[in-house]
Amino acid sequence: MPQQRTGEAHGFSNGKLSVLRKHPFFADLEPEAFEQLCRYAKHATLKRGATLFSKGDPGNSLYAVISGTVKMSISSPDGRSAILNIIEPGEIFGEIALLDGGARSADAIANSNCELFVIDRREFIPFVKEQPALAMKFIELLCERLRWTSDQVEQIILQNLPGRLASALLRLSEKHKPAQPGRTIAITQQEISEMVGMTRESINKQLRAWANRDWVRLEHGAIVVLNAEALRDLAEAGSGSEGE
């Protein structure tokens with residue numbers, strides 16, 4: 001469980017509060033409404049590897065990442081796991097169970113030491129009801145999540161390894177804006193293998209082939225996208241011969 005600091009979020013620095021103010025969902029809130037949101041937000045920290053919530057837990061909070069990354073994943077009884085998403089600073093998560101009051105649909109695990117804002121459902125739902133425009137933005141977020149999931153399913157079913165891997169790298173690097181040369185993705189090869197459903201050995205072989213072409217650069221715990229266009233062409237073609 002995260003370590004929560006008692007007191008209200010508006011007592012923290014503007015730098016941390018900018019995570020909320022700069023988020024597209026909250027950027028247009030009137031100053032009074034934003035102040036109210038800040039009063040609801042509590043500050044929390046997690047150590048790397050700590051579980052924030054597990055699949056099946058009650059969905060009683062919304063989370064915003066201040067620093068670090070959070071891994072959304074699912075696992076099977078025999079120990080296999082699949083990564084659904086990596087939540088980065090400036091992003092929010094936990095909205096599905098928060099909005100419908102149901103159970104969590106995945107595990108949320110700190111991928112590094114993290115700082116979060118936590119907003120309780122009992123306070124957030126009445127707040128959203130008073131902000132119709134905010135409610136519409138959450139509908140847009142749910143649609144975005146559905147499209148993300150549909151893309152993942154399509155890639156796993158229809159694309160071969162090079163296409164799947166290229167699509168995953170582009171999806172991660174283009175979360176906030178079109179991928180630029182040198183865009184670093186903080187993810188290990190084991191994590192990317194769990195995201196695309198292939199072995200780490202296969203991932204490593206493919207990445208090294210692309211590194212030799214200067215499409216990517218491999219770093220400790222990270223992958224740097226150097227040639228997004230080449231990866232996009234490969235993802236669209238779905239041809240294994242182009243990736244070898």
# chains A, B, ... in the order shown; residues from 1 in each chain; ligands from 1
>>> select_by_dssp(residues="range 32-180 of chain A", states="strand (DSSP E)", output="ChimeraX atom specification")
/A:42-46,51-53,61-67,70-75,81-87,92-93,107-110,114-120
>>> select_by_dssp(residues="range 142-211 of chain A", states="alpha helix (DSSP H)", output="PyMOL selection string")
chain A and resi 142-158+161-173+189-196+200-211
>>> closest_residue(among="A:Thr199, A:Glu91, A:Ala110, A:Leu165", to="Ile223 in chain A", atoms="only C-alpha atoms")
A:Leu165
>>> closest_residue(among="A:Phe53, A:Tyr63, A:Phe127, A:Phe25", to="Leu37 in chain A", atoms="only C-alpha atoms")
A:Phe127
>>> residues_around(residues="range 139-147 of chain A", least_positions_apart="6", cutoff="12 Å", atoms="only C-alpha atoms", output="VMD selection string")
chain A and resid 23 to 25 84 to 85 91 to 100 128 132 to 133 153 to 154 171 175
>>> atom_distance(atom1="CA of Ile187 in chain A", atom2="CA of Ile203 in chain A")
12.5 Å
>>> atom_distance(atom1="CA of Asn113 in chain A", atom2="CA of Leu52 in chain A")
11.9 Å
>>> atom_distance(atom1="CA of Gln159 in chain A", atom2="CA of Ala235 in chain A")
8.1 Å
>>> residues_around(residues="range 189-193 of chain A", least_positions_apart="2", cutoff="10 Å", atoms="only C-alpha atoms", output="VMD selection string")
chain A and resid 71 81 to 83 86 165 168 to 169 186 to 187 195 to 204 207 218 220 to 223
